[in-house]
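Take a look at the structure set out below.
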Amino acid sequence: MSESTADATVLVVDDEAEVADVYALRLRNRYQTETAYGGQAALDRIDDDIDVVLLDRRMPDVAGDEVLAELRERDVSARVIMITAVDPDFDIIDLPFDDYLCKPVEKEALVAAIDQQLAARRYDDRLAEYLELTSKLTLLEGEKQPQALEADERVDALQRRVNRLKAEMDDALVEFEDTGAAFEQTGRGSE
């Protein structure tokens with residue numbers, strides 16, 4: 001796992017080589033970039049040296065959803081951003097991605113999403129989960145009618161979890177009056 005943005009390695013996975021190469025080209029001045037032209041190539045390449053995976057969802061050899069499931073099963077530490085032309089539907093609630101971007105994605109949005117995931121890796125799991133769940137809620141709110149959202153109990157459960165995580169994080173921050181107290185409490189303060 002890389003500590004700085006410049007040292008971060010981003011793996012771009014798409015079965016269309018031109019698409020993968022364009023994204024890698026856009027990012028190479030900011031991150032170390034690699035490409036994998038398909039799901040199986042991604043599974044063959046991914047290890048803990050990869051910090052963020054940009055994963056296409058529709059690929060003919062091994063679909064992005066299957067690659068994602070395999071990565072989570074292997075407990076690979078890379079953050080996964082689905083980057084796809086597939087419009088989000090309620091099925092995204094159960095997918096363990098960290099963020100979801102719909103193609104086409106401008107460079108600024110791509111860099112912001114990657115930087116957010118790199119930052120999330122440095123904090124506790126609650127922040128990472130909060131970012132994942134709020135991404136899903138935002139996607140669904142943009143794609144679905146309010147009545148459809150209200151009718152789906154999974155969306156209600158998702159919203160409750162987001163609210164609970166936000167409250168937990170707010171409570172954790174309130175415990176410390178200032179940054180110095182936070183560092184002292186965690187044993188990171190100067191001695």
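Residue numbering restarts at 1 in every chain; chains get A, B, ... in the order shown in the structure tokens, and ligands count up from 1 in that same order.
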
So which residues touch stretch 23-31 of chain A within 8 Å, counting only C-alpha atoms, skipping near sequence neighbours fewer than 4 positions away, as a list in words? Thr5, Ala6, Asp7, Ala8, Thr9, Val10, Val12, Val19, Thr35, Lys107 and Val111 of chain A

Create the file for the chosen residues now, containing N, CA, C and O atoms and written as an mmCIF file, in the first residue's frame.
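Okay, result23.cif is ready:
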```cif
data_model
loop_
_atom_site.group_PDB
_atom_site.id
_atom_site.type_symbol
_atom_site.label_atom_id
_atom_site.label_comp_id
_atom_site.auth_asym_id
_atom_site.auth_seq_id
_atom_site.Cartn_x
_atom_site.Cartn_y
_atom_site.Cartn_z
ATOM 1 N N THR A 5 0.231 9.887 -2.992
ATOM 2 C CA THR A 5 -0.512 9.791 -4.246
ATOM 3 C C THR A 5 0.402 9.434 -5.401
ATOM 4 O O THR A 5 0.070 8.606 -6.238
ATOM 5 N N ALA A 6 1.582 10.049 -5.447
ATOM 6 C CA ALA A 6 2.507 9.809 -6.558
ATOM 7 C C ALA A 6 2.987 8.369 -6.593
ATOM 8 O O ALA A 6 3.316 7.848 -7.661
ATOM 9 N N ASP A 7 3.051 7.731 -5.433
ATOM 10 C CA ASP A 7 3.500 6.343 -5.372
ATOM 11 C C ASP A 7 2.359 5.350 -5.535
ATOM 12 O O ASP A 7 2.602 4.156 -5.611
ATOM 13 N N ALA A 8 1.135 5.834 -5.555
ATOM 14 C CA ALA A 8 -0.019 4.940 -5.639
ATOM 15 C C ALA A 8 -0.060 4.265 -7.007
ATOM 16 O O ALA A 8 0.237 4.874 -8.028
ATOM 17 N N THR A 9 -0.429 2.994 -6.998
ATOM 18 C CA THR A 9 -0.564 2.236 -8.243
ATOM 19 C C THR A 9 -2.030 2.005 -8.534
ATOM 20 O O THR A 9 -2.766 1.471 -7.700
ATOM 21 N N VAL A 10 -2.443 2.425 -9.725
ATOM 22 C CA VAL A 10 -3.817 2.279 -10.175
ATOM 23 C C VAL A 10 -3.829 1.281 -11.325
ATOM 24 O O VAL A 10 -3.094 1.437 -12.304
ATOM 25 N N VAL A 12 -6.032 -0.182 -14.286
ATOM 26 C CA VAL A 12 -7.198 0.107 -15.114
ATOM 27 C C VAL A 12 -7.592 -1.189 -15.817
ATOM 28 O O VAL A 12 -6.784 -1.760 -16.557
ATOM 29 N N VAL A 19 -9.854 1.939 -24.437
ATOM 30 C CA VAL A 19 -10.467 2.615 -23.282
ATOM 31 C C VAL A 19 -9.522 2.550 -22.081
ATOM 32 O O VAL A 19 -9.258 3.568 -21.423
ATOM 33 N N THR A 35 -2.391 -1.541 -16.800
ATOM 34 C CA THR A 35 -3.642 -1.902 -17.467
ATOM 35 C C THR A 35 -3.792 -3.413 -17.508
ATOM 36 O O THR A 35 -2.802 -4.152 -17.541
ATOM 37 N N LYS A 107 -11.386 13.457 -16.517
ATOM 38 C CA LYS A 107 -10.165 13.258 -15.737
ATOM 39 C C LYS A 107 -10.309 13.786 -14.309
ATOM 40 O O LYS A 107 -9.910 13.113 -13.356
ATOM 41 N N VAL A 111 -9.766 11.503 -11.023
ATOM 42 C CA VAL A 111 -8.714 11.802 -10.044
ATOM 43 C C VAL A 111 -9.329 12.024 -8.664
ATOM 44 O O VAL A 111 -8.814 11.513 -7.660
#
```

Tell me which protein, DNA and RNA residues are within 9 Å of A:Leu137, counting only C-alpha atoms, leaving out same-chain ones fewer than 2 positions away, and put them as a list in words. Ile93, Glu132, Leu133, Thr134, Ser135, Leu139, Leu140, Glu141, Gly142, Val155, Leu158, Gln159 and Val162 of chain A

Any chance you could list, as an mmCIF file with C-alpha atoms, in the first residue's frame, the residues in stretch 30-81 of chain A that come up helix (DSSP H, G or I) when DSSP is run on the backbone?
```
data_model
loop_
_atom_site.group_PDB
_atom_site.id
_atom_site.type_symbol
_atom_site.label_atom_id
_atom_site.label_comp_id
_atom_site.auth_asym_id
_atom_site.auth_seq_id
_atom_site.Cartn_x
_atom_site.Cartn_y
_atom_site.Cartn_z
ATOM 1 C CA GLY A 39 -11.368 -9.695 -16.160
ATOM 2 C CA GLN A 40 -9.049 -12.687 -16.209
ATOM 3 C CA ALA A 41 -6.023 -10.488 -16.909
ATOM 4 C CA ALA A 42 -7.025 -8.392 -13.902
ATOM 5 C CA LEU A 43 -7.343 -11.433 -11.639
ATOM 6 C CA ASP A 44 -3.941 -12.635 -12.809
ATOM 7 C CA ARG A 45 -2.343 -9.263 -12.039
ATOM 8 C CA GLY A 64 -16.498 -6.987 -13.477
ATOM 9 C CA ASP A 65 -18.980 -8.184 -10.842
ATOM 10 C CA GLU A 66 -17.215 -11.575 -10.807
ATOM 11 C CA VAL A 67 -13.775 -9.951 -10.613
ATOM 12 C CA LEU A 68 -14.988 -7.832 -7.708
ATOM 13 C CA ALA A 69 -16.370 -10.876 -5.875
ATOM 14 C CA GLU A 70 -13.094 -12.749 -6.378
ATOM 15 C CA LEU A 71 -11.042 -9.793 -5.112
ATOM 16 C CA ARG A 72 -13.144 -9.576 -1.961
ATOM 17 C CA GLU A 73 -12.922 -13.330 -1.480
ATOM 18 C CA ARG A 74 -9.109 -13.126 -1.767
#
```

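Taking atom CA of A:Glu153 as the reference point, atom CA of A:Gln116 is found at 28.6 Å.
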
Which one of A:Ile83, A:Ala63, A:Ala151, A:Val22 sits closest to A:Val105 if you count only C-alpha atoms?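 The closest residue to A:Val105 is A:Ile83.
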
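Taking atom CA of A:Glu108 and atom CA of A:Asp48 as endpoints, the distance between them is 25.7 Å.
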
Can you work out which one of A:Ile114, A:Ala20, A:Ala119, A:Ala167 has the shortest atom-to-atom distance to A:Thr84, counting only C-alpha atoms? A:Ala20

In Å, with one decimal, what is the gap from atom CA of A:Ala36 to atom CA of A:Asp15?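 Interatomic distance here is 7.8 Å.
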
Where does DSSP see strand (DSSP E or B) in stretch 33-178 of chain A, if you list the residues as a list in words?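 Written out, the strand (DSSP E or B) residues of stretch 33-178 of chain A are Thr33, Glu34, Thr35, Ala36, Val52, Val53, Leu54, Leu55, Arg79, Val80, Ile81, Met82, Ile83, Thr84, Asp99, Tyr100, Leu101 and Cys102 of chain A.
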
Pick out the closest residue to A:Ala17 from this set: A:Val53, A:Leu110, A:Met59, A:Ala148. Count only C-alpha atoms.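 Checking each candidate against A:Ala17, we get A:Met59 as the closest.
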